$ cat start04.cif   # mmCIF, C-alpha atoms
data_upload
loop_
_atom_site.label_atom_id
_atom_site.label_comp_id
_atom_site.auth_asym_id
_atom_site.auth_seq_id
_atom_site.Cartn_x
_atom_site.Cartn_y
_atom_site.Cartn_z
CA MET A 29 -25.24 16.71 -25.97
CA THR A 30 -24.75 16.02 -22.29
CA LYS A 31 -22.24 17.46 -19.88
CA VAL A 32 -19.72 14.98 -18.49
CA SER A 33 -17.24 15.65 -15.69
CA MET A 34 -14.38 13.51 -14.45
CA THR A 35 -10.89 13.76 -13.02
CA VAL A 36 -8.15 13.09 -15.55
CA ASN A 37 -4.57 12.82 -14.31
CA GLY A 38 -5.56 14.64 -11.13
CA LYS A 39 -7.32 17.57 -12.82
CA SER A 40 -11.07 18.13 -12.88
CA VAL A 41 -12.29 18.31 -16.44
CA SER A 42 -15.67 18.51 -18.13
CA GLY A 43 -17.09 18.75 -21.60
CA GLU A 44 -20.14 18.28 -23.80
CA VAL A 45 -20.47 14.82 -25.29
CA GLU A 46 -22.95 12.78 -27.32
CA GLY A 47 -24.25 9.47 -25.99
CA ARG A 48 -22.01 7.64 -28.46
CA THR A 49 -18.83 9.58 -27.59
CA LEU A 50 -16.20 7.06 -26.54
CA LEU A 51 -13.94 7.75 -23.59
CA VAL A 52 -10.94 7.69 -25.93
CA GLN A 53 -12.57 10.32 -28.17
CA PHE A 54 -13.23 12.54 -25.17
CA LEU A 55 -9.61 12.21 -24.03
CA ARG A 56 -8.09 12.80 -27.44
CA GLU A 57 -10.48 15.24 -29.09
CA ASN A 58 -11.93 17.25 -26.20
CA LEU A 59 -8.95 17.23 -23.85
CA ARG A 60 -6.29 16.92 -26.58
CA LEU A 61 -4.56 14.19 -24.60
CA THR A 62 -3.38 12.34 -27.68
CA GLY A 63 -1.01 9.99 -25.89
CA THR A 64 -3.82 7.45 -25.66
CA HIS A 65 -3.92 5.86 -29.09
CA VAL A 66 -6.62 4.21 -31.18
CA GLY A 67 -5.18 1.21 -32.94
CA CYS A 68 -7.92 -1.19 -33.91
CA ASP A 69 -11.05 0.48 -32.49
CA THR A 70 -12.39 -3.05 -31.89
CA SER A 71 -11.00 -3.69 -28.36
CA GLN A 72 -8.34 -6.11 -29.59
CA CYS A 73 -5.09 -4.15 -29.62
CA GLY A 74 -4.87 -2.34 -26.28
CA ALA A 75 -3.25 0.88 -27.61
CA CYS A 76 -6.08 2.78 -25.88
CA VAL A 77 -5.68 1.29 -22.38
CA VAL A 78 -6.18 3.84 -19.60
CA HIS A 79 -7.01 3.44 -15.92
CA VAL A 80 -10.54 4.20 -14.74
CA ASP A 81 -10.85 4.22 -10.96
CA GLY A 82 -7.57 2.33 -10.80
CA GLU A 83 -8.45 -0.43 -13.26
CA ALA A 84 -7.10 -0.91 -16.77
CA VAL A 85 -9.82 -0.56 -19.39
CA LYS A 86 -9.94 -0.13 -23.16
CA ALA A 87 -10.96 3.49 -23.68
CA CYS A 88 -12.29 2.65 -27.17
CA THR A 89 -14.86 0.32 -25.62
CA MET A 90 -16.35 2.54 -22.95
CA PHE A 91 -18.52 5.62 -23.38
CA ALA A 92 -17.37 8.95 -21.99
CA GLY A 93 -20.69 9.19 -20.14
CA GLU A 94 -19.89 5.98 -18.28
CA ALA A 95 -16.82 7.69 -16.80
CA GLU A 96 -18.86 10.46 -15.17
CA GLY A 97 -17.24 11.24 -11.82
CA ALA A 98 -14.43 8.73 -12.37
CA GLN A 99 -10.72 9.06 -11.71
CA VAL A 100 -9.00 8.54 -15.06
CA THR A 101 -5.27 8.16 -15.59
CA THR A 102 -3.70 8.28 -19.05
CA ILE A 103 -0.11 7.94 -20.23
CA GLU A 104 0.23 11.73 -19.77
CA GLY A 105 -0.26 11.20 -16.05
CA MET A 106 2.43 8.57 -15.66
CA ALA A 107 5.62 10.64 -15.54
CA ASN A 108 7.14 11.68 -12.22
CA ALA A 109 6.19 15.09 -10.79
CA ASP A 110 9.42 16.64 -12.16
CA GLY A 111 8.59 15.43 -15.66
CA SER A 112 11.14 12.62 -15.71
CA LEU A 113 10.08 9.17 -16.88
CA ASN A 114 8.64 6.92 -14.19
CA THR A 115 10.16 3.52 -13.42
CA ILE A 116 8.14 1.62 -16.02
CA GLN A 117 8.66 4.21 -18.75
CA GLN A 118 12.39 4.38 -18.00
CA ALA A 119 12.62 0.58 -18.14
CA PHE A 120 10.98 0.59 -21.59
CA GLN A 121 13.68 3.02 -22.74
CA ASP A 122 16.53 1.15 -21.05
CA HIS A 123 15.51 -2.24 -22.41
CA HIS A 124 14.42 -1.10 -25.88
CA GLY A 125 10.82 -2.05 -25.13
CA LEU A 126 9.51 -0.04 -28.06
CA GLN A 127 10.28 0.53 -31.69
CA CYS A 128 7.58 2.53 -33.49
CA GLY A 129 6.00 3.37 -30.13
CA PHE A 130 2.36 3.22 -31.21
CA CYS A 131 1.40 0.47 -28.75
CA THR A 132 3.63 1.81 -25.96
CA PRO A 133 1.11 4.00 -24.09
CA GLY A 134 -1.22 1.01 -23.73
CA MET A 135 1.67 -1.28 -22.83
CA VAL A 136 2.82 1.07 -20.08
CA MET A 137 -0.72 1.44 -18.69
CA SER A 138 -1.25 -2.34 -18.71
CA ALA A 139 2.16 -2.86 -17.11
CA ALA A 140 1.31 -0.39 -14.35
CA ALA A 141 -1.99 -2.20 -13.67
CA LEU A 142 -0.21 -5.55 -13.57
CA LEU A 143 2.53 -4.41 -11.18
CA LYS A 144 -0.07 -2.88 -8.87
CA GLU A 145 -1.80 -6.24 -8.38
CA ASN A 146 1.28 -8.44 -8.80
CA PRO A 147 4.48 -6.53 -7.88
CA GLN A 148 6.88 -9.35 -8.84
CA PRO A 149 5.30 -11.19 -11.79
CA SER A 150 6.96 -14.12 -13.49
CA GLU A 151 7.78 -13.89 -17.19
CA ALA A 152 4.77 -16.12 -17.95
CA GLU A 153 2.49 -13.89 -15.86
CA VAL A 154 3.68 -10.78 -17.73
CA ARG A 155 3.07 -12.42 -21.10
CA ASP A 156 -0.34 -13.63 -19.97
CA TYR A 157 -1.35 -10.17 -18.70
CA LEU A 158 -0.38 -8.59 -22.02
CA GLU A 159 -2.82 -10.79 -23.93
CA GLY A 160 -4.91 -7.75 -24.82
CA ASN A 161 -1.99 -5.55 -25.92
CA ILE A 162 -0.68 -6.10 -29.42
CA CYS A 163 2.75 -4.95 -30.63
CA ARG A 164 3.75 -5.46 -34.24
CA CYS A 165 7.41 -4.38 -33.90
CA THR A 166 9.21 -5.79 -30.92
CA GLY A 167 8.18 -9.42 -30.78
CA TYR A 168 7.27 -8.61 -27.14
CA HIS A 169 10.55 -9.89 -25.73
CA ASN A 170 11.95 -6.52 -24.70
CA ILE A 171 8.58 -5.34 -23.46
CA VAL A 172 8.41 -8.32 -21.10
CA LYS A 173 12.01 -7.68 -20.09
CA ALA A 174 11.29 -3.99 -19.40
CA ILE A 175 8.27 -4.79 -17.23
CA MET A 176 10.22 -7.35 -15.23
CA ALA A 177 13.08 -4.89 -14.80
CA ALA A 178 10.59 -2.24 -13.65
CA SER A 179 9.41 -4.68 -10.99
CA GLY A 180 12.95 -4.77 -9.62
CA GLN A 181 13.78 -8.25 -10.86
CA ASP A 182 17.08 -9.28 -12.38
CA VAL A 183 16.55 -9.57 -16.12
CA GLY A 184 20.12 -10.60 -16.92
CA LYS A 185 19.06 -14.17 -17.48
CA ILE A 186 16.26 -13.22 -19.84
CA ALA A 187 18.75 -13.04 -22.68
CA ALA A 188 17.64 -12.06 -26.16
CA GLU A 189 16.47 -15.15 -27.96
CA MET B 158 -21.96 4.32 -34.69
CA TYR B 159 -25.46 5.82 -34.82
CA ASN B 160 -26.10 8.25 -32.02
CA PHE B 161 -28.33 7.48 -29.03
CA GLU B 162 -29.11 8.87 -25.62
CA LEU B 163 -27.00 7.35 -22.84
CA VAL B 164 -28.58 7.23 -19.40
CA THR B 165 -26.90 6.00 -16.21
CA PRO B 166 -29.54 5.22 -13.59
CA SER B 167 -28.47 4.35 -10.05
CA SER B 168 -31.31 1.94 -9.19
CA VAL B 169 -32.92 -1.09 -10.82
CA ASP B 170 -36.34 0.60 -10.76
CA GLU B 171 -35.04 3.62 -12.67
CA ALA B 172 -33.33 1.34 -15.17
CA VAL B 173 -36.48 -0.72 -15.75
CA ALA B 174 -38.51 2.47 -16.22
CA ALA B 175 -35.99 3.78 -18.76
CA LEU B 176 -36.05 0.46 -20.59
CA GLY B 177 -39.81 0.74 -20.98
CA GLU B 178 -39.31 3.25 -23.78
CA GLU B 179 -39.33 2.02 -27.34
CA ASP B 180 -35.94 1.01 -28.76
CA ALA B 181 -34.19 1.36 -25.40
CA GLN B 182 -31.58 -1.27 -24.69
CA PRO B 183 -29.60 -2.18 -21.55
CA LEU B 184 -25.80 -1.73 -21.55
CA GLY B 185 -23.76 -3.98 -19.28
CA GLY B 186 -20.00 -3.70 -19.61
CA GLY B 187 -20.36 -3.06 -23.34
CA GLN B 188 -17.53 -5.34 -24.38
CA THR B 189 -19.78 -6.98 -26.99
CA LEU B 190 -22.45 -4.31 -27.44
CA ILE B 191 -20.11 -1.38 -28.15
CA PRO B 192 -18.27 -3.21 -30.99
CA THR B 193 -21.71 -4.24 -32.30
CA LEU B 194 -22.88 -0.60 -32.27
CA LYS B 195 -19.71 0.47 -34.08
CA GLN B 196 -20.61 -1.92 -36.87
CA ARG B 197 -24.11 -0.45 -36.97
CA LEU B 198 -25.58 -3.86 -36.25
CA ALA B 199 -27.79 -2.36 -33.54
CA MET B 200 -29.60 0.98 -33.50
CA PRO B 201 -31.03 1.72 -30.05
CA THR B 202 -32.42 5.20 -29.44
CA LYS B 203 -31.51 4.94 -25.78
CA LEU B 204 -28.85 2.94 -23.96
CA VAL B 205 -29.47 2.29 -20.28
CA SER B 206 -26.14 1.70 -18.56
CA LEU B 207 -26.33 -0.68 -15.62
CA SER B 208 -22.79 0.06 -14.44
CA ARG B 209 -23.83 2.69 -11.86
CA ILE B 210 -26.28 0.46 -10.02
CA GLU B 211 -24.36 -0.57 -6.90
CA ALA B 212 -27.12 -3.03 -5.90
CA LEU B 213 -26.21 -5.11 -8.97
CA LYS B 214 -22.57 -5.53 -7.99
CA GLY B 215 -20.80 -7.96 -5.72
CA VAL B 216 -20.18 -11.61 -4.88
CA LYS B 217 -21.49 -13.28 -1.72
CA SER B 218 -22.14 -16.77 -0.52
CA GLU B 219 -25.48 -17.84 0.93
CA GLY B 220 -27.06 -21.25 1.50
CA GLY B 221 -24.45 -23.21 -0.43
CA ALA B 222 -24.68 -20.95 -3.46
CA LEU B 223 -22.58 -18.12 -4.79
CA LEU B 224 -24.72 -15.02 -5.45
CA ILE B 225 -23.27 -12.73 -8.06
CA GLY B 226 -24.82 -9.37 -8.94
CA GLY B 227 -25.69 -8.99 -12.62
CA ALA B 228 -23.34 -6.02 -13.12
CA THR B 229 -20.35 -7.71 -11.47
CA THR B 230 -17.28 -7.75 -13.72
CA HIS B 231 -15.35 -10.86 -14.69
CA GLY B 232 -12.31 -9.41 -12.89
CA THR B 233 -14.26 -9.14 -9.63
CA VAL B 234 -15.57 -12.70 -9.94
CA ALA B 235 -12.06 -13.97 -10.67
CA ARG B 236 -10.83 -12.36 -7.43
CA GLU B 237 -13.77 -12.89 -5.11
CA ALA B 238 -14.91 -16.39 -6.09
CA ALA B 239 -11.42 -17.87 -5.89
CA GLY B 240 -11.74 -19.11 -2.31
CA GLN B 241 -15.15 -20.77 -2.44
CA PHE B 242 -15.63 -21.64 -6.08
CA PRO B 243 -12.23 -21.86 -7.79
CA GLY B 244 -13.65 -23.49 -10.93
CA LEU B 245 -15.79 -20.41 -11.57
CA ALA B 246 -13.03 -17.96 -10.63
CA ASP B 247 -10.69 -19.66 -13.09
CA LEU B 248 -13.30 -19.45 -15.85
CA ALA B 249 -13.81 -15.73 -15.19
CA ALA B 250 -10.04 -15.14 -15.10
CA HIS B 251 -9.67 -16.40 -18.67
CA ILE B 252 -12.42 -14.46 -20.43
CA GLY B 253 -11.00 -11.98 -22.94
CA ASP B 254 -8.05 -10.04 -21.53
CA PRO B 255 -7.51 -8.10 -18.27
CA ALA B 256 -8.92 -4.80 -19.56
CA VAL B 257 -11.99 -6.54 -20.98
CA ARG B 258 -12.49 -8.39 -17.69
CA ASN B 259 -12.55 -5.05 -15.85
CA ARG B 260 -15.63 -3.99 -17.85
CA GLY B 261 -17.46 -7.11 -19.02
CA THR B 262 -20.15 -8.42 -16.67
CA ILE B 263 -21.75 -11.77 -15.89
CA GLY B 264 -25.23 -10.42 -16.54
CA GLY B 265 -24.17 -8.99 -19.90
CA SER B 266 -22.61 -12.28 -20.94
CA LEU B 267 -25.64 -14.34 -19.96
CA ALA B 268 -28.11 -11.89 -21.53
CA ASN B 269 -26.17 -11.93 -24.81
CA ASN B 270 -25.76 -15.74 -24.76
CA ASP B 271 -23.04 -15.79 -27.40
CA PRO B 272 -22.67 -19.42 -28.51
CA SER B 273 -18.93 -19.20 -27.78
CA ALA B 274 -19.10 -17.37 -24.45
CA CYS B 275 -17.77 -19.01 -21.28
CA TYR B 276 -20.33 -17.99 -18.61
CA PRO B 277 -23.28 -19.86 -20.16
CA ALA B 278 -21.35 -23.10 -19.55
CA ALA B 279 -20.93 -22.24 -15.86
CA ALA B 280 -24.58 -21.21 -15.44
CA LEU B 281 -25.92 -24.35 -17.10
CA GLY B 282 -23.20 -26.57 -15.62
CA THR B 283 -24.13 -25.55 -12.08
CA GLY B 284 -27.88 -25.46 -12.60
CA ALA B 285 -27.81 -21.79 -11.69
CA THR B 286 -30.83 -19.60 -11.13
CA ILE B 287 -30.99 -16.43 -13.23
CA VAL B 288 -32.72 -13.78 -11.15
CA THR B 289 -34.24 -10.81 -12.95
CA ASN B 290 -36.11 -7.71 -11.86
CA SER B 291 -39.35 -9.68 -12.16
CA ARG B 292 -38.71 -13.43 -11.66
CA GLU B 293 -36.32 -16.34 -11.20
CA ILE B 294 -35.43 -18.54 -14.15
CA ALA B 295 -33.71 -21.94 -13.93
CA ALA B 296 -30.67 -22.20 -16.20
CA ASP B 297 -32.23 -25.27 -17.86
CA ASP B 298 -35.11 -23.04 -19.04
CA TYR B 299 -33.09 -19.87 -19.61
CA PHE B 300 -30.89 -20.74 -22.61
CA GLN B 301 -32.99 -21.01 -25.75
CA GLY B 302 -30.48 -21.23 -28.58
CA MET B 303 -27.81 -19.05 -30.14
CA PHE B 304 -28.13 -15.49 -28.76
CA ALA B 305 -31.62 -16.42 -27.50
CA THR B 306 -32.72 -16.47 -23.85
CA ALA B 307 -35.91 -16.50 -21.80
CA LEU B 308 -35.47 -12.78 -21.04
CA GLU B 309 -38.32 -10.50 -22.08
CA GLU B 310 -37.76 -7.05 -23.59
CA GLY B 311 -36.52 -4.70 -20.90
CA GLU B 312 -35.91 -7.46 -18.36
CA ILE B 313 -32.63 -7.11 -16.42
CA ILE B 314 -30.53 -9.86 -14.83
CA THR B 315 -30.12 -8.67 -11.25
CA GLU B 316 -28.37 -11.72 -9.81
CA VAL B 317 -27.03 -15.13 -10.74
CA ARG B 318 -27.19 -17.84 -8.05
CA LEU B 319 -24.77 -20.67 -8.69
CA PRO B 320 -24.88 -23.71 -6.38
CA ILE B 321 -21.29 -24.28 -5.21
CA PRO B 322 -20.13 -27.75 -6.30
CA GLU B 323 -17.88 -30.15 -4.38
CA THR B 324 -15.43 -29.74 -7.23
CA SER B 325 -15.53 -28.24 -10.71
CA ASN B 326 -13.38 -27.30 -13.65
CA TYR B 327 -13.72 -25.47 -16.96
CA GLN B 328 -11.62 -26.36 -19.95
CA LYS B 329 -11.57 -24.10 -22.99
CA PHE B 330 -10.05 -24.85 -26.38
CA GLU B 331 -9.42 -21.36 -27.69
CA GLN B 332 -10.01 -20.36 -31.27
CA PRO B 333 -6.48 -19.11 -31.87
CA ALA B 334 -7.40 -15.76 -33.45
CA SER B 335 -10.36 -14.56 -31.38
CA ARG B 336 -9.47 -16.53 -28.21
CA PHE B 337 -13.17 -17.25 -27.80
CA ALA B 338 -14.02 -20.84 -26.92
CA LEU B 339 -13.94 -23.04 -30.01
CA VAL B 340 -15.30 -25.51 -27.48
CA GLY B 341 -15.53 -25.09 -23.71
CA VAL B 342 -16.68 -27.68 -21.17
CA PHE B 343 -17.72 -26.99 -17.58
CA VAL B 344 -17.90 -30.01 -15.27
CA ALA B 345 -19.35 -29.73 -11.75
CA LYS B 346 -19.70 -32.52 -9.19
CA TYR B 347 -22.42 -32.33 -6.54
CA ALA B 348 -23.48 -34.75 -3.82
CA ASP B 349 -26.49 -35.75 -5.91
CA GLY B 350 -24.90 -35.89 -9.36
CA VAL B 351 -22.63 -34.40 -11.99
CA ARG B 352 -23.41 -31.74 -14.57
CA VAL B 353 -21.50 -31.28 -17.84
CA ALA B 354 -22.23 -28.17 -19.91
CA VAL B 355 -20.72 -27.46 -23.32
CA THR B 356 -20.30 -24.05 -24.97
CA GLY B 357 -18.89 -23.11 -28.38
CA ALA B 358 -19.87 -26.35 -30.07
CA SER B 359 -23.56 -26.51 -30.86
CA ASN B 360 -25.74 -24.62 -33.33
CA ASP B 361 -28.25 -24.45 -30.49
CA GLY B 362 -25.84 -22.76 -28.08
CA VAL B 363 -24.82 -24.13 -24.70
CA PHE B 364 -26.07 -27.65 -23.91
CA ARG B 365 -25.71 -30.45 -21.35
CA TRP B 366 -23.97 -33.68 -22.36
CA SER B 367 -26.28 -36.04 -20.52
CA GLU B 368 -24.45 -39.29 -21.40
CA ALA B 369 -21.29 -37.96 -19.76
CA GLU B 370 -23.28 -36.75 -16.73
CA ALA B 371 -24.71 -40.27 -16.23
CA ALA B 372 -21.33 -41.96 -16.65
CA LEU B 373 -19.61 -39.53 -14.28
CA ALA B 374 -22.32 -39.80 -11.63
CA SER B 375 -21.32 -43.42 -10.91
CA ASN B 376 -17.59 -42.99 -11.56
CA PHE B 377 -16.13 -39.46 -11.44
CA ALA B 378 -13.00 -40.22 -13.46
CA ALA B 379 -11.75 -39.38 -16.94
CA ASP B 380 -11.90 -43.13 -17.71
CA ALA B 381 -15.66 -43.04 -17.33
CA VAL B 382 -15.87 -40.65 -20.31
CA GLU B 383 -13.38 -42.66 -22.36
CA GLY B 384 -15.92 -45.38 -23.16
CA LEU B 385 -18.55 -42.92 -24.48
CA SER B 386 -18.84 -41.95 -28.10
CA ALA B 387 -18.48 -38.22 -28.69
CA PRO B 388 -21.79 -36.33 -28.99
CA ASP B 389 -23.39 -36.27 -32.43
CA GLY B 390 -21.49 -33.79 -34.61
CA SER B 391 -24.37 -33.16 -37.01
CA GLY B 392 -25.82 -30.35 -34.87
CA MET B 393 -22.44 -28.80 -34.19
CA ILE B 394 -21.12 -25.51 -35.55
CA SER B 395 -19.09 -26.07 -38.70
CA ASP B 396 -16.96 -23.18 -39.92
CA LEU B 397 -13.48 -22.37 -41.16
CA HIS B 398 -12.10 -22.87 -37.63
CA GLY B 399 -13.32 -26.45 -37.28
CA SER B 400 -15.88 -28.93 -38.59
CA GLY B 401 -18.81 -30.18 -36.55
CA SER B 402 -17.18 -33.56 -36.04
CA TYR B 403 -13.95 -31.87 -34.86
CA ARG B 404 -15.93 -29.88 -32.30
CA ALA B 405 -17.72 -33.04 -31.20
CA HIS B 406 -14.34 -34.73 -30.74
CA LEU B 407 -13.14 -31.75 -28.67
CA VAL B 408 -16.18 -32.02 -26.39
CA LYS B 409 -15.04 -35.47 -25.29
CA VAL B 410 -11.37 -34.51 -24.98
CA LEU B 411 -12.14 -31.40 -22.92
CA THR B 412 -14.62 -33.24 -20.71
CA LYS B 413 -11.91 -35.76 -19.84
CA ARG B 414 -9.46 -32.94 -19.13
CA ALA B 415 -11.97 -31.10 -16.95
CA VAL B 416 -12.75 -34.24 -14.94
CA ALA B 417 -9.05 -35.00 -14.53
CA ALA B 418 -8.39 -31.43 -13.37
CA ALA B 419 -11.34 -31.52 -10.95
CA SER B 420 -10.56 -34.95 -9.48
#

$ encode --input "start04.cif" --output "structure tokens"
Amino acid sequence: MTKVSMTVNGKSVSGEVEGRTLLVQFLRENLRLTGTHVGCDTSQCGACVVHVDGEAVKACTMFAGEAEGAQVTTIEGMANADGSLNTIQQAFQDHHGLQCGFCTPGMVMSAAALLKENPQPSEAEVRDYLEGNICRCTGYHNIVKAIMAASGQDVGKIAAE
Amino acid sequence: MYNFELVTPSSVDEAVAALGEEDAQPLGGGQTLIPTLKQRLAMPTKLVSLSRIEALKGVKSEGGALLIGGATTHGTVAREAAGQFPGLADLAAHIGDPAVRNRGTIGGSLANNDPSACYPAAALGTGATIVTNSREIAADDYFQGMFATALEEGEIITEVRLPIPETSNYQKFEQPASRFALVGVFVAKYADGVRVAVTGASNDGVFRWSEAEAALASNFAADAVEGLSAPDGSGMISDLHGSGSYRAHLVKVLTKRAVAAAS
């Protein structure tokens, strides 16, 4: 076992991990931050997306030891300081961007990474960016709509198909 | 996954020393290796992560070539090569998905030499030089068949030097489930000739389509490829996603598309 230390959602944390301990295991099992989900465990589905030093990564395909000293943000760190939903989260609620909710933490983290680098994405750009996030409920339409609404764009013309 | 010791050296020398131990293996971005470990298809006793070695990261241009550190992620290449080498930036921007591109590295991709990976086509299609901790290897000598390269045990790719072409383009026909290249073709035009490299298609891994290179050298137009017969399909990968002759057909189609896009 090796000691690993990092900053998660603004708090310094540390713990004992094995070489093979995945970042997602460390977040869920050591820190009990279970908002980050494990869907496929094969880096296909994106339910485990978190931000490491500001970049979206799949926490099931990175070792905890590789995040030594990193700034990590999970879905638990996304809400506003007063606990209310942030703009992206609120847009998912307003536009029915989730049904079962299993993929939603990863969707929100990917959406936040997208809007940081491209504040006003087109519908095609949103769909392209979500290539690594799989949702089996919504058909993606309302997720795309929510992300575009969160970017401040008029989504009235993106009518339900 | 079997357990192992994970070490994160901060210099190439430390990494090479760590890799000298028996059953030690380098870890790039891990986007292929970690899934492989989960399936227990590899059992290293020690993994040497290269992701903390700052000297292995970055993109710069020097002497008409783009120099990319071995531990540079696809996402970084997509951003930083866009101005000088848009054909390469576009290739990098379509590997995997955004989260994978933030971890996966050019050195990892070239060291693994997956027969369906994109970067081998760019390295061979530009006549790149693969620089390691101990030597420089020409791309024409580097790729030695499916998952096989000229790298020795414990040898690390420190830099990839890709001559910047006058124009280039990469066309990928994605396998619809995995989104890996069913066939991918990289075309690059230089003052002294044209190179055409094909990934995804052959049982021997990435290869150059020399007939197309000769035809395009005298006439860089999709029409020049039209008159050629597709490469021989007998050495092509044949699986449930496509027969060898289908892949051979795609090589010609994608070469024409790449030339049209680069013209």

$ closest_residue --input "start04.cif" --among "B:Lys413, B:Lys214, B:Arg292, B:Arg236" --to "Phe343 (chain B)" --atoms "all atoms listed in the file"
B:Lys413

$ closest_residue --input "start04.cif" --among "B:Leu176, B:Gly221, B:Arg336, B:Ala280" --to "chain A" --atoms "only C-alpha atoms"
B:Arg336

$ closest_atom_pairs --input "start04.cif" --of "chain A" --to "chain B" --cutoff "12 Å" --atoms "all atoms listed in the file" --output "CSV"
residue,atom,partner,partner_atom,distance
A:Met29,CA,B:Glu162,CA,8.8
A:Thr30,CA,B:Leu163,CA,9.0
A:Lys31,CA,B:Leu163,CA,11.6
A:Val32,CA,B:Leu163,CA,11.4
A:Val45,CA,B:Leu163,CA,10.2
A:Glu46,CA,B:Asn160,CA,7.2
A:Gly47,CA,B:Leu163,CA,4.7
A:Arg48,CA,B:Asn160,CA,5.5
A:Thr49,CA,B:Asn160,CA,8.6
A:Leu50,CA,B:Ile191,CA,9.4
A:Leu51,CA,B:Ile191,CA,11.9
A:Cys68,CA,B:Pro192,CA,10.9
A:Asp69,CA,B:Pro192,CA,8.2
A:Thr70,CA,B:Pro192,CA,6.0
A:Ser71,CA,B:Pro192,CA,7.7
A:Gln72,CA,B:Ser335,CA,8.9
A:Cys73,CA,B:Asp254,CA,10.4
A:Gly74,CA,B:Ala256,CA,8.2
A:Ala75,CA,B:Ala256,CA,11.4
A:Cys76,CA,B:Ala256,CA,10.3
A:Val77,CA,B:Ala256,CA,7.5
A:Val78,CA,B:Ala256,CA,9.1
A:His79,CA,B:Ala256,CA,9.2
A:Val80,CA,B:Asn259,CA,9.5
A:Asp81,CA,B:Asn259,CA,10.6
A:Gly82,CA,B:Asn259,CA,10.2
A:Glu83,CA,B:Asn259,CA,6.7
A:Ala84,CA,B:Ala256,CA,5.1
A:Val85,CA,B:Ala256,CA,4.3
A:Lys86,CA,B:Ala256,CA,6.0
A:Ala87,CA,B:Ala256,CA,9.5
A:Cys88,CA,B:Ile191,CA,8.9
A:Thr89,CA,B:Ile191,CA,6.1
A:Met90,CA,B:Gly187,CA,6.9
A:Phe91,CA,B:Ile191,CA,8.6
A:Ala92,CA,B:Leu163,CA,9.8
A:Gly93,CA,B:Leu163,CA,7.1
A:Glu94,CA,B:Thr165,CA,7.3
A:Ala95,CA,B:Arg209,CA,9.9
A:Glu96,CA,B:Thr165,CA,9.3
A:Gly97,CA,B:Arg209,CA,10.8
A:Ala98,CA,B:Arg209,CA,11.2
A:Gly134,CA,B:Ala256,CA,10.5
A:Met135,CA,B:Ala256,CA,11.6
A:Met137,CA,B:Ala256,CA,10.3
A:Ser138,CA,B:Ala256,CA,8.1
A:Ala139,CA,B:Pro255,CA,11.1
A:Ala141,CA,B:Pro255,CA,9.3
A:Leu142,CA,B:Pro255,CA,9.0
A:Glu145,CA,B:Arg236,CA,10.9
A:Glu153,CA,B:Pro255,CA,11.8
A:Val154,CA,B:Pro255,CA,11.5
A:Arg155,CA,B:Asp254,CA,11.4
A:Asp156,CA,B:Asp254,CA,8.6
A:Tyr157,CA,B:Pro255,CA,6.5
A:Leu158,CA,B:Asp254,CA,7.8
A:Glu159,CA,B:Asp254,CA,5.8
A:Gly160,CA,B:Asp254,CA,5.1
A:Asn161,CA,B:Asp254,CA,8.7
A:Ile162,CA,B:Asp254,CA,11.5

$ atom_distance --input "start04.cif" --atom1 "CA of Gln241 (chain B)" --atom2 "CA of Val408 (chain B)"
26.5 Å

$ closest_residue --input "start04.cif" --among "B:Ala334, B:Val355, B:Leu411, B:Leu385" --to "His398 (chain B)" --atoms "all atoms listed in the file"
B:Ala334

$ residues_around --input "start04.cif" --residues "Asp380 (chain B)" --least-positions-apart "4" --cutoff "12 Å" --atoms "all atoms listed in the file" --output "VMD selection string"
chain B and resid 369 372 to 373 375 to 376 384 to 385 409 to 410 412 to 414 416 to 417 420

$ residues_around --input "start04.cif" --residues "Ile171 (chain A)" --least-positions-apart "5" --cutoff "9 Å" --atoms "only C-alpha atoms" --output "JSON, numbers by chain"
{"A": [119, 120, 123, 124, 125, 126, 135, 166, 176]}

$ write_last_selection --input "start04.cif" --atoms "C-alpha atoms" --output "mmCIF file, keeping the file's coordinate frame"
data_model
loop_
_atom_site.group_PDB
_atom_site.id
_atom_site.type_symbol
_atom_site.label_atom_id
_atom_site.label_comp_id
_atom_site.auth_asym_id
_atom_site.auth_seq_id
_atom_site.Cartn_x
_atom_site.Cartn_y
_atom_site.Cartn_z
ATOM 1 C CA ALA A 119 12.620 0.580 -18.140
ATOM 2 C CA PHE A 120 10.980 0.590 -21.590
ATOM 3 C CA HIS A 123 15.510 -2.240 -22.410
ATOM 4 C CA HIS A 124 14.420 -1.100 -25.880
ATOM 5 C CA GLY A 125 10.820 -2.050 -25.130
ATOM 6 C CA LEU A 126 9.510 -0.040 -28.060
ATOM 7 C CA MET A 135 1.670 -1.280 -22.830
ATOM 8 C CA THR A 166 9.210 -5.790 -30.920
ATOM 9 C CA MET A 176 10.220 -7.350 -15.230
#

$ residues_around --input "start04.cif" --residues "Ala285 (chain B)" --least-positions-apart "2" --cutoff "7 Å" --atoms "only C-alpha atoms" --output "PyMOL selection string"
chain B and resi 280-281+283+287+295-296+317-320

$ resolve_selection --input "start04.cif" --expression "the PyMOL selection byres ((chain B and resi 302) around 10)" --output "PyMOL selection string"
chain B and resi 270-272+299-301+303-307+359-364

$ closest_residue --input "start04.cif" --among "B:Ala278, B:Ile225, B:Leu267, B:Leu245" --to "Gly185 (chain B)" --atoms "all atoms listed in the file"
B:Leu267

$ residues_near_point --input "start04.cif" --point "(12.3, -0.9, -6.5)" --cutoff "12 Å" --atoms "all atoms listed in the file" --output "PyMOL selection string"
chain A and resi 114-116+119+143+147-148+176-182
